[in-house]
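Participant: One file: input26.cif (mmCIF, C-alpha atoms).
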data_entry
loop_
_atom_site.label_atom_id
_atom_site.label_comp_id
_atom_site.auth_asym_id
_atom_site.auth_seq_id
_atom_site.Cartn_x
_atom_site.Cartn_y
_atom_site.Cartn_z
CA MET T 1 -4.38 -24.20 -41.68
CA VAL T 2 -4.11 -27.75 -42.95
CA GLU T 3 -3.74 -28.29 -46.67
CA MET T 4 -5.99 -31.09 -47.81
CA LYS T 5 -4.35 -33.39 -50.27
CA ALA T 6 -6.94 -34.33 -52.81
CA THR T 7 -8.60 -30.98 -53.35
CA ASN T 8 -6.18 -28.28 -52.22
CA ILE T 9 -8.90 -26.79 -50.08
CA THR T 10 -7.74 -25.45 -46.76
CA TRP T 11 -8.98 -26.03 -43.24
CA HIS T 12 -10.05 -22.79 -41.63
CA PRO T 13 -12.34 -23.18 -38.64
CA SER T 14 -13.17 -19.50 -38.17
CA LYS T 15 -15.91 -17.22 -39.42
CA VAL T 16 -15.69 -15.73 -42.88
CA THR T 17 -15.30 -11.93 -42.75
CA ALA T 18 -17.20 -9.35 -44.77
CA GLU T 19 -13.94 -8.64 -46.64
CA ASP T 20 -13.55 -12.32 -47.57
CA ARG T 21 -17.03 -12.21 -49.06
CA ALA T 22 -16.51 -8.91 -50.85
CA ALA T 23 -13.49 -10.40 -52.63
CA VAL T 24 -15.75 -13.06 -54.13
CA THR T 25 -18.92 -11.06 -54.77
CA HIS T 26 -17.34 -7.73 -55.77
CA ASN T 27 -19.94 -5.95 -53.66
CA ARG T 28 -20.00 -4.21 -50.34
CA ARG T 29 -23.16 -5.40 -48.74
CA CYS T 30 -26.20 -3.17 -48.86
CA ILE T 31 -29.95 -3.08 -49.17
CA VAL T 32 -31.55 -0.95 -51.87
CA TRP T 33 -35.02 -0.47 -50.37
CA LEU T 34 -37.61 0.63 -52.94
CA THR T 35 -40.70 2.12 -51.31
CA GLY T 36 -43.74 3.66 -52.98
CA LEU T 37 -47.35 3.19 -53.96
CA SER T 38 -48.65 0.25 -55.94
CA GLY T 39 -48.07 1.10 -59.60
CA CYS T 40 -45.24 3.55 -58.94
CA GLY T 41 -42.76 1.42 -60.86
CA LYS T 42 -40.90 -0.42 -58.08
CA SER T 43 -40.97 -3.87 -59.69
CA THR T 44 -39.90 -2.69 -63.12
CA ILE T 45 -36.96 -0.83 -61.65
CA ALA T 46 -36.05 -3.70 -59.29
CA VAL T 47 -35.93 -6.31 -62.03
CA ALA T 48 -33.95 -4.12 -64.43
CA LEU T 49 -31.48 -3.08 -61.72
CA GLU T 50 -30.90 -6.72 -60.78
CA HIS T 51 -30.25 -7.57 -64.42
CA ALA T 52 -27.82 -4.69 -64.84
CA LEU T 53 -25.86 -5.58 -61.69
CA ILE T 54 -25.62 -9.27 -62.51
CA SER T 55 -24.59 -8.65 -66.10
CA LEU T 56 -21.70 -6.60 -64.73
CA GLY T 57 -20.65 -9.37 -62.31
CA HIS T 58 -22.27 -8.19 -59.10
CA PRO T 59 -24.51 -10.81 -57.45
CA ALA T 60 -27.83 -9.16 -56.62
CA TYR T 61 -31.26 -10.38 -55.64
CA VAL T 62 -34.77 -8.97 -55.72
CA LEU T 63 -36.90 -9.49 -52.67
CA ASP T 64 -40.56 -8.63 -53.09
CA GLY T 65 -44.05 -9.60 -52.15
CA ASP T 66 -44.09 -12.26 -54.86
CA ASN T 67 -41.24 -14.35 -53.53
CA LEU T 68 -42.08 -13.73 -49.88
CA ARG T 69 -45.84 -14.07 -49.65
CA HIS T 70 -45.77 -17.49 -51.31
CA GLY T 71 -42.98 -18.91 -49.21
CA LEU T 72 -41.58 -17.55 -45.99
CA ASN T 73 -44.59 -15.36 -45.25
CA SER T 74 -47.28 -17.74 -46.44
CA ASP T 75 -48.64 -17.84 -42.89
CA LEU T 76 -49.38 -14.10 -42.92
CA GLY T 77 -52.52 -12.29 -44.04
CA PHE T 78 -53.21 -8.58 -44.51
CA SER T 79 -54.26 -7.49 -41.02
CA PRO T 80 -52.33 -4.53 -39.60
CA ALA T 81 -50.32 -6.82 -37.30
CA ASP T 82 -49.53 -9.21 -40.16
CA ARG T 83 -48.38 -6.29 -42.32
CA VAL T 84 -45.95 -5.17 -39.66
CA GLU T 85 -44.67 -8.75 -39.33
CA ASN T 86 -44.40 -9.01 -43.13
CA ILE T 87 -42.02 -6.04 -43.27
CA ARG T 88 -40.14 -7.17 -40.14
CA ARG T 89 -39.37 -10.52 -41.76
CA ALA T 90 -38.59 -8.87 -45.10
CA GLY T 91 -36.06 -6.70 -43.29
CA GLU T 92 -34.44 -9.57 -41.42
CA LEU T 93 -34.28 -11.57 -44.62
CA ALA T 94 -32.78 -8.67 -46.54
CA ARG T 95 -30.16 -8.32 -43.82
CA LEU T 96 -29.22 -12.00 -44.12
CA LEU T 97 -28.98 -11.82 -47.91
CA ALA T 98 -26.83 -8.69 -47.63
CA ASP T 99 -24.70 -10.39 -44.99
CA ALA T 100 -24.12 -13.20 -47.48
CA GLY T 101 -22.60 -10.63 -49.85
CA LEU T 102 -25.48 -9.85 -52.18
CA ILE T 103 -26.80 -6.48 -53.20
CA VAL T 104 -30.36 -6.84 -52.02
CA ILE T 105 -33.06 -5.01 -53.94
CA ALA T 106 -36.11 -4.96 -51.69
CA SER T 107 -39.32 -3.84 -53.36
CA PHE T 108 -42.18 -3.27 -50.95
CA ILE T 109 -44.87 -0.60 -50.67
CA SER T 110 -43.79 -0.39 -46.99
CA PRO T 111 -46.05 2.59 -46.25
CA TYR T 112 -44.99 3.18 -42.64
CA ALA T 113 -41.86 5.20 -41.85
CA ALA T 114 -41.37 3.32 -38.57
CA ASP T 115 -41.18 -0.05 -40.36
CA ARG T 116 -38.60 1.26 -42.83
CA GLN T 117 -36.63 2.85 -40.00
CA ARG T 118 -36.53 -0.47 -38.18
CA VAL T 119 -34.92 -2.14 -41.20
CA ARG T 120 -32.44 0.74 -41.55
CA GLN T 121 -31.35 0.18 -37.97
CA LEU T 122 -30.45 -3.43 -38.72
CA MET T 123 -27.73 -2.21 -41.05
CA GLY T 124 -24.53 -0.18 -40.88
CA PRO T 125 -24.52 3.55 -41.71
CA ASP T 126 -24.04 3.30 -45.50
CA GLU T 127 -25.70 -0.06 -45.99
CA PHE T 128 -29.34 0.97 -46.18
CA ILE T 129 -30.24 2.93 -49.28
CA GLU T 130 -33.83 4.11 -49.16
CA VAL T 131 -35.21 4.82 -52.62
CA PHE T 132 -38.49 6.72 -52.75
CA VAL T 133 -40.16 5.64 -55.98
CA ASP T 134 -42.47 8.59 -56.28
CA ALA T 135 -45.42 9.18 -58.56
CA PRO T 136 -48.72 10.93 -57.82
CA VAL T 137 -51.43 8.53 -56.76
CA GLU T 138 -53.56 9.59 -59.77
CA VAL T 139 -50.76 8.45 -62.08
CA CYS T 140 -50.35 5.15 -60.24
CA GLU T 141 -54.08 4.59 -60.31
CA ARG T 142 -54.20 5.29 -64.03
CA ARG T 143 -51.43 2.71 -64.61
CA ASP T 144 -52.97 0.17 -62.18
CA PRO T 145 -50.94 -2.74 -63.65
CA LYS T 146 -52.59 -5.38 -61.46
CA GLY T 147 -56.08 -3.87 -61.26
CA LEU T 148 -55.66 -3.40 -57.52
CA TYR T 149 -56.88 0.21 -57.35
CA LYS T 150 -60.03 -0.73 -59.21
CA LYS T 151 -60.63 -3.54 -56.73
CA ALA T 152 -59.95 -1.26 -53.76
CA ARG T 153 -62.31 1.45 -55.05
CA ALA T 154 -65.04 -1.14 -55.60
CA ALA T 155 -64.54 -2.47 -52.08
CA VAL T 156 -64.84 1.04 -50.61
CA ALA T 157 -68.00 1.66 -52.66
CA ALA T 158 -69.43 -1.62 -51.36
CA GLY T 159 -68.71 -0.55 -47.77
CA GLN T 160 -65.97 -3.17 -47.31
CA PRO T 161 -62.72 -1.19 -47.38
CA LEU T 162 -59.51 -3.23 -47.88
CA GLY T 163 -57.11 -0.77 -46.31
CA PHE T 164 -55.33 -0.32 -49.63
CA THR T 165 -52.43 2.15 -49.56
CA GLY T 166 -53.30 5.33 -51.45
CA VAL T 167 -57.03 4.60 -51.47
CA ASP T 168 -58.12 4.07 -47.89
CA ALA T 169 -54.82 3.64 -46.07
CA PRO T 170 -52.01 6.17 -45.69
CA TYR T 171 -48.57 6.25 -47.28
CA GLU T 172 -45.94 8.01 -45.18
CA VAL T 173 -43.61 9.84 -47.55
CA PRO T 174 -39.88 9.28 -46.79
CA GLY T 175 -38.39 12.36 -45.16
CA HIS T 176 -34.75 11.88 -46.16
CA PRO T 177 -34.46 9.09 -48.71
CA GLU T 178 -31.00 8.49 -50.15
CA ILE T 179 -32.54 8.58 -53.64
CA HIS T 180 -35.76 10.22 -54.81
CA LEU T 181 -37.09 9.02 -58.16
CA ARG T 182 -40.02 10.66 -59.93
CA THR T 183 -41.29 7.99 -62.28
CA HIS T 184 -43.87 10.25 -63.93
CA GLU T 185 -41.04 12.57 -65.04
CA GLN T 186 -38.19 10.18 -65.79
CA SER T 187 -38.01 6.89 -67.65
CA ALA T 188 -37.41 3.56 -65.95
CA PRO T 189 -33.93 3.22 -67.52
CA GLN T 190 -33.07 6.67 -66.13
CA SER T 191 -34.22 5.57 -62.69
CA VAL T 192 -32.11 2.42 -62.83
CA GLU T 193 -29.10 4.39 -63.95
CA LYS T 194 -29.52 6.82 -61.09
CA ILE T 195 -29.45 4.00 -58.53
CA PHE T 196 -26.55 2.30 -60.27
CA ASN T 197 -24.51 5.49 -60.23
CA TYR T 198 -25.29 6.00 -56.56
CA LEU T 199 -24.02 2.50 -55.74
CA ARG T 200 -20.85 3.08 -57.72
CA GLN T 201 -20.17 6.52 -56.29
CA HIS T 202 -20.72 5.30 -52.74
CA GLY T 203 -18.29 2.41 -53.01
CA ARG T 204 -20.82 -0.41 -52.95
CA LEU T 205 -19.49 -1.92 -56.19
CA LEU T 206 -15.90 -3.14 -56.32
CA ASP T 207 -13.90 -3.24 -59.52
CA GLN T 208 -12.97 -6.60 -60.87
CA GLU T 209 -9.55 -7.23 -62.22
CA MET V 1 -32.13 -3.57 -74.82
CA VAL V 2 -31.21 0.09 -74.47
CA GLU V 3 -27.59 1.00 -73.89
CA MET V 4 -27.32 3.63 -71.17
CA LYS V 5 -24.77 6.29 -71.98
CA ALA V 6 -23.02 7.15 -68.77
CA THR V 7 -22.55 3.69 -67.31
CA ASN V 8 -22.77 1.17 -70.14
CA ILE V 9 -25.36 -0.74 -68.16
CA THR V 10 -28.16 -2.24 -70.22
CA TRP V 11 -31.90 -2.07 -69.84
CA HIS V 12 -33.36 -5.54 -69.48
CA PRO V 13 -36.84 -5.63 -67.97
CA SER V 14 -37.09 -9.41 -67.57
CA LYS V 15 -36.30 -11.85 -64.81
CA VAL V 16 -32.74 -13.00 -64.33
CA THR V 17 -32.35 -16.73 -65.05
CA ALA V 18 -30.56 -19.31 -62.93
CA GLU V 19 -27.93 -19.51 -65.68
CA ASP V 20 -27.35 -15.74 -65.53
CA ARG V 21 -26.69 -16.09 -61.81
CA ALA V 22 -24.47 -19.16 -62.15
CA ALA V 23 -22.20 -17.21 -64.52
CA VAL V 24 -21.58 -14.69 -61.75
CA THR V 25 -21.47 -16.95 -58.69
CA HIS V 26 -19.77 -20.01 -60.26
CA ASN V 27 -22.24 -22.23 -58.43
CA ARG V 28 -25.27 -24.23 -59.32
CA ARG V 29 -27.68 -23.53 -56.56
CA CYS V 30 -28.05 -26.05 -53.78
CA ILE V 31 -28.62 -26.52 -50.09
CA VAL V 32 -26.15 -28.58 -48.09
CA TRP V 33 -28.35 -29.55 -45.14
CA LEU V 34 -26.36 -30.72 -42.10
CA THR V 35 -28.49 -32.67 -39.64
CA GLY V 36 -27.44 -34.37 -36.43
CA LEU V 37 -27.37 -34.21 -32.65
CA SER V 38 -26.08 -31.28 -30.66
CA GLY V 39 -22.32 -31.76 -30.40
CA CYS V 40 -22.03 -33.93 -33.52
CA GLY V 41 -19.82 -31.37 -35.27
CA LYS V 42 -22.26 -29.59 -37.58
CA SER V 43 -21.10 -26.05 -36.81
CA THR V 44 -17.41 -26.80 -37.12
CA ILE V 45 -17.95 -28.46 -40.49
CA ALA V 46 -20.31 -25.71 -41.69
CA VAL V 47 -17.90 -22.88 -40.92
CA ALA V 48 -14.89 -24.65 -42.44
CA LEU V 49 -16.83 -25.63 -45.57
CA GLU V 50 -17.99 -22.03 -46.04
CA HIS V 51 -14.41 -20.83 -45.72
CA ALA V 52 -13.13 -23.38 -48.21
CA LEU V 53 -15.81 -22.56 -50.78
CA ILE V 54 -15.37 -18.80 -50.51
CA SER V 55 -11.59 -19.01 -50.68
CA LEU V 56 -12.02 -20.83 -53.99
CA GLY V 57 -14.41 -18.20 -55.34
CA HIS V 58 -17.77 -19.80 -54.66
CA PRO V 59 -20.16 -17.58 -52.67
CA ALA V 60 -21.56 -19.63 -49.81
CA TYR V 61 -23.44 -18.88 -46.63
CA VAL V 62 -24.03 -20.66 -43.34
CA LEU V 63 -27.54 -20.63 -41.99
CA ASP V 64 -27.89 -21.86 -38.43
CA GLY V 65 -29.72 -21.36 -35.18
CA ASP V 66 -27.42 -18.50 -34.25
CA ASN V 67 -28.24 -16.21 -37.15
CA LEU V 68 -31.90 -17.24 -37.30
CA ARG V 69 -33.04 -17.32 -33.69
CA HIS V 70 -31.79 -13.78 -33.05
CA GLY V 71 -33.32 -12.23 -36.13
CA LEU V 72 -35.95 -13.71 -38.39
CA ASN V 73 -37.15 -16.27 -35.86
CA SER V 74 -36.88 -14.09 -32.76
CA ASP V 75 -40.64 -14.44 -32.30
CA LEU V 76 -40.38 -18.22 -31.91
CA GLY V 77 -39.84 -20.26 -28.76
CA PHE V 78 -39.16 -23.96 -28.29
CA SER V 79 -42.66 -25.43 -28.22
CA PRO V 80 -43.25 -28.30 -30.67
CA ALA V 81 -45.25 -25.99 -33.00
CA ASP V 82 -42.55 -23.30 -32.85
CA ARG V 83 -39.88 -25.90 -33.68
CA VAL V 84 -41.75 -26.97 -36.77
CA GLU V 85 -42.17 -23.31 -37.79
CA ASN V 86 -38.46 -22.72 -37.09
CA ILE V 87 -37.46 -25.38 -39.62
CA ARG V 88 -40.16 -24.32 -42.09
CA ARG V 89 -38.78 -20.79 -42.16
CA ALA V 90 -35.19 -22.06 -42.24
CA GLY V 91 -36.11 -24.09 -45.32
CA GLU V 92 -37.84 -21.22 -47.09
CA LEU V 93 -34.93 -18.96 -46.30
CA ALA V 94 -32.40 -21.52 -47.53
CA ARG V 95 -34.40 -21.80 -50.75
CA LEU V 96 -34.28 -18.02 -51.28
CA LEU V 97 -30.54 -17.87 -50.60
CA ALA V 98 -29.97 -20.75 -53.00
CA ASP V 99 -32.21 -19.07 -55.57
CA ALA V 100 -29.96 -16.01 -55.27
CA GLY V 101 -27.04 -18.18 -56.39
CA LEU V 102 -25.39 -19.09 -53.10
CA ILE V 103 -24.34 -22.47 -51.87
CA VAL V 104 -26.35 -22.61 -48.68
CA ILE V 105 -24.92 -24.55 -45.77
CA ALA V 106 -27.81 -25.12 -43.38
CA SER V 107 -26.83 -26.43 -39.96
CA PHE V 108 -29.77 -27.51 -37.83
CA ILE V 109 -30.39 -30.46 -35.53
CA SER V 110 -33.66 -30.87 -37.49
CA PRO V 111 -34.58 -34.12 -35.73
CA TYR V 112 -37.75 -34.89 -37.68
CA ALA V 113 -37.57 -36.61 -41.07
CA ALA V 114 -40.84 -34.98 -42.18
CA ASP V 115 -39.43 -31.47 -41.63
CA ARG V 116 -36.29 -32.28 -43.63
CA GLN V 117 -38.39 -33.87 -46.36
CA ARG V 118 -40.49 -30.73 -46.63
CA VAL V 119 -37.38 -28.66 -47.30
CA ARG V 120 -36.15 -31.21 -49.85
CA GLN V 121 -39.41 -30.85 -51.74
CA LEU V 122 -38.88 -27.11 -52.13
CA MET V 123 -35.85 -27.84 -54.29
CA GLY V 124 -35.05 -29.51 -57.60
CA PRO V 125 -33.85 -33.13 -57.72
CA ASP V 126 -30.09 -32.51 -57.24
CA GLU V 127 -30.37 -29.31 -55.24
CA PHE V 128 -30.92 -30.71 -51.75
CA ILE V 129 -27.92 -32.50 -50.29
CA GLU V 130 -28.74 -34.07 -46.96
CA VAL V 131 -25.65 -34.63 -44.84
CA PHE V 132 -26.10 -36.86 -41.82
CA VAL V 133 -23.49 -35.70 -39.31
CA ASP V 134 -23.42 -38.85 -37.28
CA ALA V 135 -21.84 -39.56 -33.91
CA PRO V 136 -23.13 -41.73 -31.06
CA VAL V 137 -25.06 -39.72 -28.50
CA GLU V 138 -22.53 -40.74 -25.80
CA VAL V 139 -19.76 -39.14 -27.83
CA CYS V 140 -21.80 -35.96 -28.40
CA GLU V 141 -22.67 -35.82 -24.72
CA ARG V 142 -19.01 -36.21 -23.75
CA ARG V 143 -18.08 -33.30 -26.07
CA ASP V 144 -21.06 -31.15 -24.95
CA PRO V 145 -19.46 -27.93 -26.30
CA LYS V 146 -22.25 -25.69 -25.04
CA GLY V 147 -23.09 -27.57 -21.83
CA LEU V 148 -26.56 -28.30 -23.18
CA TYR V 149 -26.63 -32.02 -22.37
CA LYS V 150 -25.67 -31.28 -18.79
CA LYS V 151 -28.51 -28.77 -18.56
CA ALA V 152 -30.97 -31.20 -20.15
CA ARG V 153 -30.00 -34.03 -17.77
CA ALA V 154 -30.38 -31.71 -14.79
CA ALA V 155 -33.79 -30.62 -16.01
CA VAL V 156 -34.92 -34.24 -16.39
CA ALA V 157 -33.62 -35.02 -12.89
CA ALA V 158 -35.55 -32.04 -11.55
CA GLY V 159 -38.73 -33.31 -13.20
CA GLN V 160 -38.83 -30.47 -15.74
CA PRO V 161 -37.77 -32.08 -19.01
CA LEU V 162 -36.77 -29.67 -21.82
CA GLY V 163 -37.46 -31.99 -24.74
CA PHE V 164 -33.78 -31.96 -25.69
CA THR V 165 -32.91 -34.09 -28.71
CA GLY V 166 -30.96 -37.19 -27.69
CA VAL V 167 -31.90 -36.87 -24.02
CA ASP V 168 -35.67 -36.74 -23.80
CA ALA V 169 -36.69 -36.12 -27.39
CA PRO V 170 -36.14 -38.36 -30.40
CA TYR V 171 -33.79 -37.94 -33.36
CA GLU V 172 -35.02 -39.57 -36.55
CA VAL V 173 -31.99 -40.93 -38.40
CA PRO V 174 -31.92 -40.04 -42.13
CA GLY V 175 -32.81 -43.05 -44.24
CA HIS V 176 -31.05 -42.09 -47.45
CA PRO V 177 -28.80 -39.09 -46.90
CA GLU V 178 -26.67 -38.02 -49.84
CA ILE V 179 -23.64 -37.98 -47.51
CA HIS V 180 -23.10 -39.86 -44.25
CA LEU V 181 -20.30 -38.54 -42.05
CA ARG V 182 -19.10 -40.33 -38.92
CA THR V 183 -17.40 -37.63 -36.90
CA HIS V 184 -16.17 -40.00 -34.22
CA GLU V 185 -14.21 -41.91 -36.85
CA GLN V 186 -13.06 -39.17 -39.23
CA SER V 187 -11.57 -35.73 -38.68
CA ALA V 188 -13.43 -32.51 -39.38
CA PRO V 189 -11.13 -31.69 -42.34
CA GLN V 190 -11.91 -35.11 -43.79
CA SER V 191 -15.62 -34.43 -43.43
CA VAL V 192 -15.33 -31.06 -45.16
CA GLU V 193 -13.31 -32.62 -47.96
CA LYS V 194 -15.94 -35.29 -48.45
CA ILE V 195 -18.70 -32.70 -48.90
CA PHE V 196 -16.51 -30.55 -51.14
CA ASN V 197 -15.72 -33.51 -53.39
CA TYR V 198 -19.40 -34.40 -53.57
CA LEU V 199 -20.27 -30.86 -54.70
CA ARG V 200 -17.55 -30.94 -57.34
CA GLN V 201 -18.41 -34.38 -58.63
CA HIS V 202 -22.11 -33.53 -58.84
CA GLY V 203 -21.56 -30.38 -60.88
CA ARG V 204 -22.56 -27.86 -58.22
CA LEU V 205 -19.25 -25.95 -58.59
CA LEU V 206 -18.42 -24.35 -61.92
CA ASP V 207 -14.87 -23.79 -63.08
CA GLN V 208 -13.71 -20.22 -63.32
CA GLU V 209 -11.65 -19.10 -66.22
#
Produce structure tokens that represent the structure in this file.

Facilitator:
Amino acid sequence: MVEMKATNITWHPSKVTAEDRAAVTHNRRCIVWLTGLSGCGKSTIAVALEHALISLGHPAYVLDGDNLRHGLNSDLGFSPADRVENIRRAGELARLLADAGLIVIASFISPYAADRQRVRQLMGPDEFIEVFVDAPVEVCERRDPKGLYKKARAAVAAGQPLGFTGVDAPYEVPGHPEIHLRTHEQSAPQSVEKIFNYLRQHGRLLDQE
Amino acid sequence: MVEMKATNITWHPSKVTAEDRAAVTHNRRCIVWLTGLSGCGKSTIAVALEHALISLGHPAYVLDGDNLRHGLNSDLGFSPADRVENIRRAGELARLLADAGLIVIASFISPYAADRQRVRQLMGPDEFIEVFVDAPVEVCERRDPKGLYKKARAAVAAGQPLGFTGVDAPYEVPGHPEIHLRTHEQSAPQSVEKIFNYLRQHGRLLDQE
């Protein structure tokens, strides 16, 4: 290593290790993958979890349809093939963000078990935390925060089905999620706390001096 | 805000601001975009800059062909259209990583000014730092760390040109880069120091208490 005079930065022409990063970000890299129907509460939980982590000094980042569909995935539509590609890219992106030392909070309906499994396989054994954000479809449809169920029902009635998950497309329930939330029985703060405690208990958050 | 008993995390259902993130990452978000011919020294500088930043407590991340071509962009080849898409996605990805609070060090030949300009426009006025990593093509070809020039010359001789930048494809020199490095006249540590000082002087690095 060569000490540089003016700045006291050092010359180190080798790759940064995961441990080097962890010392700066106080995280061990992981993806918290929130899956569930539209209206199940994913976004609310994602945003509040991000806020909680950051306020305690742990860099975190929410990845969702909003920041993907407008940018990286702006070339994709809603055909079955494009949906698979949407989740493939979301997974690769989540992996990169996690590799950079962030706790990634990925919030996607991601209805197919195979797609979620593919993302899991990109990561190490404890680095993919699947969170099933569960609520009965009737509850989600009653909430319908974006009016999407209404639109999907109208499309079905008009003979032009949209392939909307929970209405005319399937949702494959996670078989062994690391965390199972029931948002019709517990409050959003309780859900966030449950995930936070899981991260702490499983060594994903490092203490800061 | 609701104080949660067991963990003292707080309930905050709103988006995290850039200032919230900066307080945790000690950075103001930006992309350091290294552009130049194969063999000009981009990778060496990128890796050493990342190391220097992280060792001083600033989360940073290198984005380059190696970690993109194998993952996110594994569906892309080397046709002109795929090259444009490669840089489009690299730019969108860099923007997301920067948005998450990292100093992004993007290392791509990125020979076309229009492609680089498109990435610049994704960012705020001081958030895109174009670094022209300059060395005469003869010098780069003499270094040829990956044997790519040799391969490209052989392909041209065999009548099957690869469209390799600097051999049989153009490189559009940056008109007004924020930083101009001449790697045949200055050492790699000097180049890294120059970028580091720029970041410090332009307020991209925040002091830590």

Participant: Which residue, T:Gly41, T:Gly203, T:Pro174, T:Gly124, has the smallest gap to chain V when you use only C-alpha atoms?

Facilitator: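 Ranked by minimum distance to chain V, first place goes to T:Gly41.
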
Participant: Find the residues around T:Ile109 up to 12 Å (all atoms listed in the file counted), leave out those fewer than 3 positions away in its own chain, and share them as a PyMOL selection string.

Facilitator: chain T and resi 33-43+64-65+83-84+86-87+90+106+112-113+115-116+131-134+164-166+169-174

Participant: Pull out every residue of chain T that has at least one atom within 8 Å of chain V, counting only C-alpha atoms, and report them as a PyMOL selection string.

Facilitator: chain T and resi 4+7+9-16+20-21+24-25+44-45+47-48+50-52+54-61+71-72+88-89+92-93+97+100-101+189+193+197

Participant: Skip stretch 150-154 of chain V itself and residues of its chain fewer than 4 positions away, then list as a PyMOL selection string all residues within 12 Å of it, counting all atoms listed in the file.

Facilitator: chain V and resi 38+140-146+158-169

Participant: Go ahead and write the selection's residues with C-alpha atoms as a CSV table (one decimal), in the frame of the given file.

Facilitator:
chain,number,residue,atom,x,y,z
V,38,SER,CA,-26.1,-31.3,-30.7
V,140,CYS,CA,-21.8,-36.0,-28.4
V,141,GLU,CA,-22.7,-35.8,-24.7
V,142,ARG,CA,-19.0,-36.2,-23.8
V,143,ARG,CA,-18.1,-33.3,-26.1
V,144,ASP,CA,-21.1,-31.2,-25.0
V,145,PRO,CA,-19.5,-27.9,-26.3
V,146,LYS,CA,-22.2,-25.7,-25.0
V,158,ALA,CA,-35.6,-32.0,-11.6
V,159,GLY,CA,-38.7,-33.3,-13.2
V,160,GLN,CA,-38.8,-30.5,-15.7
V,161,PRO,CA,-37.8,-32.1,-19.0
V,162,LEU,CA,-36.8,-29.7,-21.8
V,163,GLY,CA,-37.5,-32.0,-24.7
V,164,PHE,CA,-33.8,-32.0,-25.7
V,165,THR,CA,-32.9,-34.1,-28.7
V,166,GLY,CA,-31.0,-37.2,-27.7
V,167,VAL,CA,-31.9,-36.9,-24.0
V,168,ASP,CA,-35.7,-36.7,-23.8
V,169,ALA,CA,-36.7,-36.1,-27.4

Participant: Any idea what the distance is between atom CA of T:Gly77 and atom CA of V:Ala94?

Facilitator: 22.4 Å

Participant: State, in Å with one decimal place, the distance from atom CA of V:Leu206 to atom CA of V:Arg28.

Facilitator: 7.3 Å

Participant: Do you have the atom CA of V:Met123-atom CA of V:Gln208 distance handy?

Facilitator: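 Atom CA of V:Gln208 lies 25.1 Å from atom CA of V:Met123.
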